[in-house]
Amino acid sequence: MLTLRLDIILKLEDTSTNSKYQTLNMTELVAFGLKDGPDGIHIPLIQNPCSPKEWKVEGFLTLPQEQSTFKIIATSKECGNVGFLDVDISKSNLQTAARDSECGKVQRMETSHDEFYLILGWNVHKVTSESFVAPDGNVAMLDGILKQINNLPNVACLKLGKLHNMHGDWLMSCFKHTTDLSYITEAISAYKQAVNNFPDDHPNMPHMLTDLGMALLEQFECTGNLSAITEATTILQKAVDLTPPSDMELNGRCSNLGISYRYCFDSMGNLSDIAQAISALQKAVKLTPFWDSNLPAFLSNLGNSYLTCFEHLGSLSDIAEAISAHQKAVDLTPIGHPDLPSQFNNLGSSYLTRFVHLGSLSDIAEAISAHQKAVDLTPTGHPDLPSQLNNLGNSYTTHFKHLGNLSDIAEAISAHQKAVELTPAGHPNLPSRFNNLGNSYTTRFKHLGNLSDIAEAISAHQKAVELTPTGHPNLPSQFNNLGNSYIACFKHLGNLSDIAEAISAHQKAVELTPTGHPNLPSRLNNLGNSYTTRFMHLGNLPDIAEAISAHQKAVDLTPTGHPDLPSHFNNLGNSYLTRFEHLGNLSDIAEAISAHQKAVELTPADHPDLPSHFNNLGNSYLTCFEHLGNLSDIAEAISAHQKAIDLTPTGHPNLPSQFNNLGNAYSTRFERLRSLSDIAEAISAHKKAVELTPTGHPNLPSQFNNLGSSYLTRFEHLGSLSDIAEAIFAQHKAIELTPFGHPYLAPYHHNIGSSFHLLSHQSDYHNNLQKSLFHYKSAASFDFASPSSRLNAAKHWATLTSKYYPQSQETLPAFETVMSLLSLVAGLEHTVQHRHLLLQDMSDLPLQAAAAACSLGHIDKALEWLEQGRCLVWTQLNHLRTPIDDLIQHNPTLAQHFLDVSKNLECAAARGGSLQPGMSLTEKISLEKEAHAHLNLANEWNNLLNTIRTTVPGFHNFLKPPLCSALIQSLPDSGHAVVINVHRTRCDAIALIAGVDGPLHIQLPRFSWDKANRYQQDFMTYLQGHQLRMQEAKLDPVEDQQERGIKPHIKKALVHDVLQGLWKDVVKPILEALAFHTSKPSSNTELPRIWWCPTGPLSFLPLHAAGTYGGSLSDVEGILDYVVPSYTPTITSLTNRVQDNSAIDADVSGLFLTCHPNAPNAFPIPGTIEEVKSVYDQVIKHGARVQRVEGSNLTVEQGLEYMEKFSSIHLACHASQDQKEPLKSQFLFHDGPLTLSKIMQKNIRNADLAFLSACQTSTGGEGLSEEAVHLAAGMLAAGYRRVVATMWAIKDSHAPEVAKDFYDYLLAHQCGSASGFDGSQSAYALHYAIQKLRQRLGNSPDSVLAWAPYVHFGL
């Protein structure tokens, strides 16, 4: 049954400015002519609060559809009946639509006085009766419609269109009473057929389009189908466009269009959609008079659109407009009106949103009040009640997050549970209500730590995901919150499956969010947080790279001024800080501080997030101080942490962590300044952190651990046993409260191990030391902890065991653990430069391990550990270039894949880009992409390596550290290799002899690390005093300087004592043990060869020149009298060359020479011209293949090309060693530097000899004594089999002589074809040339320093 509903207003207009009727008070309207008796229908009037001369009827006037006329009288309090009108609503152009529609008219009444007149206006709504006949009981009606449709010809006609529209109405009515989605699908089909039967210019077309659009909108609300909302918007836009401006239905259609555009924006995030939504809704409000009953709904929809716009753009004017619109909607909705609860609900949501972004407590109070009213006004059983309860729960949850009152989170959970319980199964809003219930449980868990809460949270979020259809726009949000709950669970229990689930959920949230969607930044932010969390526990570099990348994108995609921008900067800073703590790159801590400062600066003064941002800024400053030591940084840290506490309300759940971090800052400053007040403040703050943290809270173990650390620090300073007792008690609690498998368990065991070690010096020595070792061993053995934390504990375990129990069976396992972790900490995922940085603090570990093994008689293990732990970077590079001919035979596809990844990984590792101040965000993101690609390659390479070892027969040891027995089998036949291990505890030589089964152990009791270090310092001082040592890579012209190096400060020292000490304490005992030092061989006897592999400070000393020098040459005794010395970075690099000593291709065999005597910004070295010309003439005379390019005629790139075209090269130029960045060590060509990093990127398969006639080409960095980071080693790594290099600056006048004698010998002892060039006798050639120079110069210290810099590397 259809009825007509009238909304009526009355307006007073004065004709006289002095009329007494200006304050006329209208009280009611009386309608006659209806079926309500002779007294008429009395309709009370309500005065418009904004306009005292306007009134609106309370409620509606209802009349049957068939009645169109009646009479109406207006009554005032002062004058009684004052107006009369005959109403004829048939003249209002009422449409014949079967669905809800409206039209209206304004008419002047006849009045009893001429000094005023009354205007009566009305809107007519044609509505369906409230009763509904179930489909089964209304079959006759449906059959009638369908019969008429089927009897009409299949051509477009108006009658057919109307019938299809009626069919659609019937189907929609069925859906509203059954929620069966199939009815909507059929209704849309019917409405589309109706539209197809009407021309665009027909007056009913806008109505038909509206019916179709609203059905599609309904379908979208139920299914989330994006095509439905897109189509709905297009159709509703057309309905508005076709509606005349005077049509009374235009406002309703504009409102519907605005709602549709807002849904589009919510789903796809296009900013133009929300702008269109606001525009359409503004038009709807503007077209609607205040008395129209639809105005509150239009205002509410407008407010919702402004709210949505604010949530994504952050403009405060938008949230102000939202609250204003919702407040007007509430004010205009009569008490008892069924829409009032929803108006209060929307008003509360606006206040809640503004509170979240601005933090004003009055806003959250208004939000809770409005939401509570919405719930209170909604009848039990009303379908909107679950929604009102849901939003009330959201307000309480937010209130709790900022004030920490447990009653708030209890109210929130209660409200959300009721919302879920009252929502029927299958309801489209049920997933979002489960989602919010899960959020409230997660929030309480973070505060109280009750495992039942996080279990409930995960369960609720999983249900939300499961119930949300694929493709629904809410699905990304559900995945996002599921990920958040898994993170919270992981932080408490440490189960790796939880953090994996968190990352997976957050990745899905990001993947399902369209590009440009306003929620994409926040979802990227959460994904970054989950990666950061896993990195903090496992230390896998790909995780922190992913985290930084995600946070950078979140910042980049967030508009300036957006309220979320501070939190995104905050989390970006956290990820940079975390990476800095792991890798130590100073650019990372600078980026962290910068990001945290921006977070603080962009956060309003009263915002609830400000304390957290101050806290994190303090953490960054604290970490910066710990690495750089600037007191201003620790002062900034303490200040920031104090502000965080001062701004945090009592009882707030974040307060314990704020106190914890303040305590850390005070403790750190105490360690620097030793002010007792600082350590007292630290202990006090840590105590408060523990006291304020609820039992069971996931942070409690960490708080106990830090409290213990503060007590331990004070014990170390004051020695009070009560402090160490408190420390151990707190550290025990930390371990006790941490579940097994949690990554933090390793550092907690490490810390208590330190406490027991210190206590052992005070009491019960043996018992406490055993406890210390137990905890160190435990920490080192936890395979679920990060490699760096395990290595730190393993070092202490091994060191203490070897020191206090040198014969213990635990010593070897302890050092085995250390060595196995070393390569994990400095793995292939790092750049070469960063691996060197990491190894600076670990270079002593292989030497310590080898010394311990020697003391226990395990010489083979000592050698294996030295090979495993020394020259780690060169070993890794060699692994990337290892010939895999055998693997190709077994599995060519796998072999090729391994080769491709190895090549790409080598290039990635050599990249030199790093974050720099002033870089744009785009540049930073680009660098992070490079780093991320590098990490992916490293992971892929490791996976391939594992595949080869586990699936290819016979390859189970592929690229594993070599065993001693394998090394001995591949030694050169022509001599012995000797490793000299120099450690603070002892010095040993390990000699390897071809054909002998095991290594020969030679103890060096007269030598020590202290002596080696003193020799090194004395020798370096002497070189500096004689202008032969270059400390910095500065190439400034110096007048009369003729060395191929840099002029440093001058100091005096003696060289003979150093060389004599090396002879007597090191070289001579070794030669005697090898039976070389019996009598001097005759001049015609070919001397045996020896390869030195020194360690520690000995790496920087000229073992090849050891001897006694004081008188005539006949009185001199030294190493050159008995052997031909060479060097090798490791034994493995030597044996690899023996194994891969294939013939040089004939078309490549030859010598390339170049000199650069006048390179820019360097002093001239004219002797290089003579040197290169002389060698060139020698080779030409011999008939070998040779080419020479000098100075500016050769670029760096061309030089690299010639290295590939010629098997041997001779470089006569300046060279320099960069101590800070070894890979920037360089040969200076005329057009720029040929750096070690560029050479490393070459893999010259036919490389033979490299003669580096330049300064310091074999001197590594002192901080990397075990890595052999010098140009000679770089040439070996690039593929050269043998290298002639120098340990310090060489005289420009001597270099040509040495080169001439060298090539004289080499060319005289050539093997192979006459046109080829063979460098296999290079060691003997250098020995010959040096002896010739010695004969010419004599035996003075200056003479020794002229020939001693020349060294030979390789075969």
# chains A, B, ... in the order shown; residues from 1 in each chain; ligands from 1

call {"tool": "residues_around", "arguments": {"residues": "A:Ser530", "least_positions_apart": "6", "cutoff": "9 Å", "atoms": "only C-alpha atoms", "output": "ChimeraX atom specification"}}
result
/A:483-484,487,499-500,502-503,506,543,547

call {"tool": "closest_residue", "arguments": {"among": "A:Pro518, A:Pro1164, A:Pro701, A:Pro806", "to": "A:Glu311", "atoms": "only C-alpha atoms"}}
result
A:Pro518

call {"tool": "closest_residue", "arguments": {"among": "A:Asn165, A:Thr1095, A:Gln703, A:Gln809", "to": "A:Asn197", "atoms": "only C-alpha atoms"}}
result
A:Asn165

call {"tool": "residues_around", "arguments": {"residues": "stretch 631-646 of chain A", "least_positions_apart": "3", "cutoff": "12 Å", "atoms": "only C-alpha atoms", "output": "PyMOL selection string"}}
result
chain A and resi 589-590+593+596-597+600+605+607-628+649-673+678+681-682+685+688-689

call {"tool": "closest_residue", "arguments": {"among": "A:Ile41, A:Ala1277, A:Leu347, A:Cys222", "to": "A:Asn429", "atoms": "only C-alpha atoms"}}
result
A:Cys222

call {"tool": "residues_around", "arguments": {"residues": "A:Ile1169", "least_positions_apart": "2", "cutoff": "10 Å", "atoms": "only C-alpha atoms", "output": "list in words"}}
result
Thr1154, Cys1155, His1156, Pro1157, Ile1165, Pro1166, Gly1167, Glu1171, Val1172, Lys1173, Ser1174, Glu1190, Gly1191, Ala1212, Cys1213 and Pro1296 of chain A

call {"tool": "write_last_selection", "arguments": {"atoms": "all heavy atoms", "output": "mmCIF file, in the first residue's frame"}}
result
data_model
loop_
_atom_site.group_PDB
_atom_site.id
_atom_site.type_symbol
_atom_site.label_atom_id
_atom_site.label_comp_id
_atom_site.auth_asym_id
_atom_site.auth_seq_id
_atom_site.Cartn_x
_atom_site.Cartn_y
_atom_site.Cartn_z
ATOM 1 N N THR A 1154 102.535 1.133 -18.735
ATOM 2 C CA THR A 1154 102.069 2.519 -18.730
ATOM 3 C C THR A 1154 102.769 3.277 -17.625
ATOM 4 O O THR A 1154 103.130 2.714 -16.580
ATOM 5 C CB THR A 1154 100.540 2.608 -18.542
ATOM 6 O OG1 THR A 1154 100.136 3.984 -18.646
ATOM 7 C CG2 THR A 1154 100.118 2.073 -17.190
ATOM 8 N N CYS A 1155 102.993 4.558 -17.870
ATOM 9 C CA CYS A 1155 103.541 5.440 -16.836
ATOM 10 C C CYS A 1155 102.745 6.732 -16.839
ATOM 11 O O CYS A 1155 102.175 7.131 -17.855
ATOM 12 C CB CYS A 1155 105.027 5.723 -17.084
ATOM 13 S SG CYS A 1155 105.359 6.644 -18.602
ATOM 14 N N HIS A 1156 102.723 7.388 -15.669
ATOM 15 C CA HIS A 1156 101.991 8.651 -15.515
ATOM 16 C C HIS A 1156 102.876 9.608 -14.714
ATOM 17 O O HIS A 1156 102.666 9.810 -13.510
ATOM 18 C CB HIS A 1156 100.659 8.396 -14.826
ATOM 19 C CG HIS A 1156 99.736 7.554 -15.645
ATOM 20 N ND1 HIS A 1156 98.809 8.069 -16.515
ATOM 21 C CD2 HIS A 1156 99.642 6.200 -15.765
ATOM 22 C CE1 HIS A 1156 98.157 7.085 -17.114
ATOM 23 N NE2 HIS A 1156 98.659 5.935 -16.679
ATOM 24 N N PRO A 1157 103.847 10.208 -15.402
ATOM 25 C CA PRO A 1157 104.846 11.019 -14.679
ATOM 26 C C PRO A 1157 104.330 12.373 -14.220
ATOM 27 O O PRO A 1157 104.882 12.954 -13.285
ATOM 28 C CB PRO A 1157 105.949 11.195 -15.724
ATOM 29 C CG PRO A 1157 105.232 11.087 -17.043
ATOM 30 C CD PRO A 1157 104.133 10.096 -16.831
ATOM 31 N N ILE A 1165 107.160 12.536 -11.456
ATOM 32 C CA ILE A 1165 108.085 11.406 -11.289
ATOM 33 C C ILE A 1165 108.618 11.043 -12.680
ATOM 34 O O ILE A 1165 108.203 10.052 -13.290
ATOM 35 C CB ILE A 1165 107.393 10.205 -10.617
ATOM 36 C CG1 ILE A 1165 105.969 9.993 -11.160
ATOM 37 C CG2 ILE A 1165 107.334 10.383 -9.107
ATOM 38 C CD1 ILE A 1165 105.274 8.750 -10.595
ATOM 39 N N PRO A 1166 109.549 11.842 -13.158
ATOM 40 C CA PRO A 1166 110.036 11.667 -14.540
ATOM 41 C C PRO A 1166 110.745 10.338 -14.758
ATOM 42 O O PRO A 1166 110.830 9.859 -15.886
ATOM 43 C CB PRO A 1166 110.998 12.843 -14.730
ATOM 44 C CG PRO A 1166 111.408 13.234 -13.350
ATOM 45 C CD PRO A 1166 110.219 12.975 -12.483
ATOM 46 N N GLY A 1167 111.248 9.728 -13.674
ATOM 47 C CA GLY A 1167 111.946 8.457 -13.844
ATOM 48 C C GLY A 1167 111.063 7.364 -14.407
ATOM 49 O O GLY A 1167 111.570 6.376 -14.947
ATOM 50 N N GLU A 1171 111.903 4.347 -17.092
ATOM 51 C CA GLU A 1171 111.633 2.979 -16.646
ATOM 52 C C GLU A 1171 110.812 2.210 -17.661
ATOM 53 O O GLU A 1171 111.163 1.089 -18.067
ATOM 54 C CB GLU A 1171 110.912 3.019 -15.304
ATOM 55 C CG GLU A 1171 110.476 1.677 -14.760
ATOM 56 C CD GLU A 1171 109.715 1.825 -13.450
ATOM 57 O OE1 GLU A 1171 109.908 2.837 -12.747
ATOM 58 O OE2 GLU A 1171 108.917 0.920 -13.130
ATOM 59 N N VAL A 1172 109.691 2.798 -18.086
ATOM 60 C CA VAL A 1172 108.803 2.109 -19.010
ATOM 61 C C VAL A 1172 109.438 1.947 -20.381
ATOM 62 O O VAL A 1172 109.313 0.894 -21.030
ATOM 63 C CB VAL A 1172 107.464 2.864 -19.094
ATOM 64 C CG1 VAL A 1172 106.607 2.356 -20.243
ATOM 65 C CG2 VAL A 1172 106.705 2.735 -17.785
ATOM 66 N N LYS A 1173 110.141 2.979 -20.844
ATOM 67 C CA LYS A 1173 110.796 2.886 -22.157
ATOM 68 C C LYS A 1173 111.850 1.794 -22.163
ATOM 69 O O LYS A 1173 111.965 1.008 -23.110
ATOM 70 C CB LYS A 1173 111.429 4.226 -22.506
ATOM 71 C CG LYS A 1173 112.096 4.243 -23.891
ATOM 72 C CD LYS A 1173 112.703 5.600 -24.181
ATOM 73 C CE LYS A 1173 113.294 5.624 -25.601
ATOM 74 N NZ LYS A 1173 114.312 4.572 -25.797
ATOM 75 N N SER A 1174 112.626 1.728 -21.052
ATOM 76 C CA SER A 1174 113.687 0.728 -20.978
ATOM 77 C C SER A 1174 113.098 -0.679 -21.022
ATOM 78 O O SER A 1174 113.590 -1.552 -21.745
ATOM 79 C CB SER A 1174 114.497 0.935 -19.699
ATOM 80 O OG SER A 1174 115.442 -0.095 -19.522
ATOM 81 N N GLU A 1190 101.436 6.020 -22.557
ATOM 82 C CA GLU A 1190 101.931 6.877 -21.487
ATOM 83 C C GLU A 1190 100.967 8.034 -21.191
ATOM 84 O O GLU A 1190 100.288 8.548 -22.072
ATOM 85 C CB GLU A 1190 103.310 7.446 -21.855
ATOM 86 C CG GLU A 1190 104.376 6.390 -22.036
ATOM 87 C CD GLU A 1190 105.715 7.004 -22.406
ATOM 88 O OE1 GLU A 1190 105.790 8.250 -22.519
ATOM 89 O OE2 GLU A 1190 106.683 6.241 -22.582
ATOM 90 N N GLY A 1191 100.935 8.432 -19.899
ATOM 91 C CA GLY A 1191 100.304 9.662 -19.445
ATOM 92 C C GLY A 1191 98.884 9.847 -19.911
ATOM 93 O O GLY A 1191 98.022 8.965 -19.787
ATOM 94 N N ALA A 1212 103.759 2.164 -13.700
ATOM 95 C CA ALA A 1212 104.742 3.061 -13.091
ATOM 96 C C ALA A 1212 104.055 4.402 -12.849
ATOM 97 O O ALA A 1212 103.861 5.193 -13.787
ATOM 98 C CB ALA A 1212 105.961 3.232 -13.996
ATOM 99 N N CYS A 1213 103.667 4.642 -11.629
ATOM 100 C CA CYS A 1213 102.865 5.830 -11.335
ATOM 101 C C CYS A 1213 102.816 6.052 -9.834
ATOM 102 O O CYS A 1213 103.417 5.314 -9.057
ATOM 103 C CB CYS A 1213 101.456 5.665 -11.888
ATOM 104 S SG CYS A 1213 100.607 4.211 -11.238
ATOM 105 N N PRO A 1296 113.736 2.541 -12.050
ATOM 106 C CA PRO A 1296 114.103 2.051 -13.393
ATOM 107 C C PRO A 1296 115.173 0.969 -13.356
ATOM 108 O O PRO A 1296 115.136 0.027 -14.159
ATOM 109 C CB PRO A 1296 114.606 3.311 -14.091
ATOM 110 C CG PRO A 1296 113.947 4.447 -13.373
ATOM 111 C CD PRO A 1296 113.895 3.997 -11.954
#

call {"tool": "residues_around", "arguments": {"residues": "A:Thr811", "least_positions_apart": "4", "cutoff": "8 Å", "atoms": "only C-alpha atoms", "output": "ChimeraX atom specification"}}
result
/A:798,801-802,806-807,815,852

call {"tool": "residues_around", "arguments": {"residues": "A:Asp498", "least_positions_apart": "4", "cutoff": "12 Å", "atoms": "only C-alpha atoms", "output": "MDAnalysis selection string"}}
result
chainID A and resid 454:455 458 482:494 502:505 530 533:534 742

call {"tool": "residues_around", "arguments": {"residues": "stretch 1132-1135 of chain A", "least_positions_apart": "2", "cutoff": "6 Å", "atoms": "only C-alpha atoms", "output": "PDB file with N, CA, C and O atoms, in the first residue's frame"}}
result
ATOM      1  N   SER A 970      97.728 -29.335  -1.971  1.00  0.00           N
ATOM      2  CA  SER A 970      97.783 -28.425  -3.123  1.00  0.00           C
ATOM      3  C   SER A 970      98.890 -27.391  -2.996  1.00  0.00           C
ATOM      4  O   SER A 970      98.819 -26.321  -3.614  1.00  0.00           O
ATOM      5  N   LEU A 971      99.927 -27.660  -2.223  1.00  0.00           N
ATOM      6  CA  LEU A 971     101.026 -26.716  -2.068  1.00  0.00           C
ATOM      7  C   LEU A 971     101.898 -26.683  -3.317  1.00  0.00           C
ATOM      8  O   LEU A 971     101.987 -27.682  -4.052  1.00  0.00           O
ATOM      9  N   THR A1130      96.725 -15.631   2.246  1.00  0.00           N
ATOM     10  CA  THR A1130      96.334 -16.831   2.986  1.00  0.00           C
ATOM     11  C   THR A1130      96.925 -18.033   2.271  1.00  0.00           C
ATOM     12  O   THR A1130      97.306 -17.963   1.092  1.00  0.00           O
ATOM     13  N   ARG A1137      95.634 -20.993  -6.483  1.00  0.00           N
ATOM     14  CA  ARG A1137      96.401 -20.671  -7.682  1.00  0.00           C
ATOM     15  C   ARG A1137      97.119 -21.906  -8.227  1.00  0.00           C
ATOM     16  O   ARG A1137      97.242 -22.098  -9.433  1.00  0.00           O
ATOM     17  N   VAL A1138      97.583 -22.747  -7.315  1.00  0.00           N
ATOM     18  CA  VAL A1138      98.228 -23.982  -7.759  1.00  0.00           C
ATOM     19  C   VAL A1138      97.219 -24.867  -8.490  1.00  0.00           C
ATOM     20  O   VAL A1138      97.508 -25.454  -9.541  1.00  0.00           O
TER      21      VAL A1138
END

call {"tool": "atom_distance", "arguments": {"atom1": "atom CA of A:His983", "atom2": "atom CA of A:Leu845"}}
result
9.6 Å

call {"tool": "closest_residue", "arguments": {"among": "A:Gly869, A:Gly1199, A:Pro972, A:Pro1094", "to": "A:Leu1153", "atoms": "only C-alpha atoms"}}
result
A:Gly1199

call {"tool": "select_by_dssp", "arguments": {"residues": "stretch 340-447 of chain A", "states": "alpha helix (DSSP H)", "output": "number ranges by chain"}}
result
A: 340-358, 361-377, 385-403, 406-422, 430-447

call {"tool": "closest_residue", "arguments": {"among": "A:His1214, A:Arg1185, A:His461, A:Arg674", "to": "A:Pro1160", "atoms": "only C-alpha atoms"}}
result
A:His1214

call {"tool": "closest_residue", "arguments": {"among": "A:Gln1241, A:Asn1339, A:Asn943, A:Ser843", "to": "A:Ala1278", "atoms": "only C-alpha atoms"}}
result
A:Gln1241

call {"tool": "atom_distance", "arguments": {"atom1": "atom CA of A:Leu872", "atom2": "atom CA of A:Ser1126"}}
result
20.8 Å

call {"tool": "closest_atom_pairs", "arguments": {"of": "stretch 317-383 of chain A", "to": "stretch 275-290 of chain A", "cutoff": "12 Å", "atoms": "only C-alpha atoms", "output": "Markdown table"}}
result
| residue | atom | partner | partner_atom | distance |
| --- | --- | --- | --- | --- |
| A:Asp318 | CA | A:Ile278 | CA | 10.3 |
| A:Glu321 | CA | A:Ile278 | CA | 10.8 |
| A:Ala322 | CA | A:Ile278 | CA | 10.6 |
| A:Ala325 | CA | A:Val285 | CA | 9.9 |
| A:Lys328 | CA | A:Phe290 | CA | 10.4 |
| A:Ala329 | CA | A:Phe290 | CA | 10.5 |
| A:Asp331 | CA | A:Phe290 | CA | 11.2 |
| A:Leu332 | CA | A:Phe290 | CA | 8.1 |
| A:Thr333 | CA | A:Phe290 | CA | 10.8 |
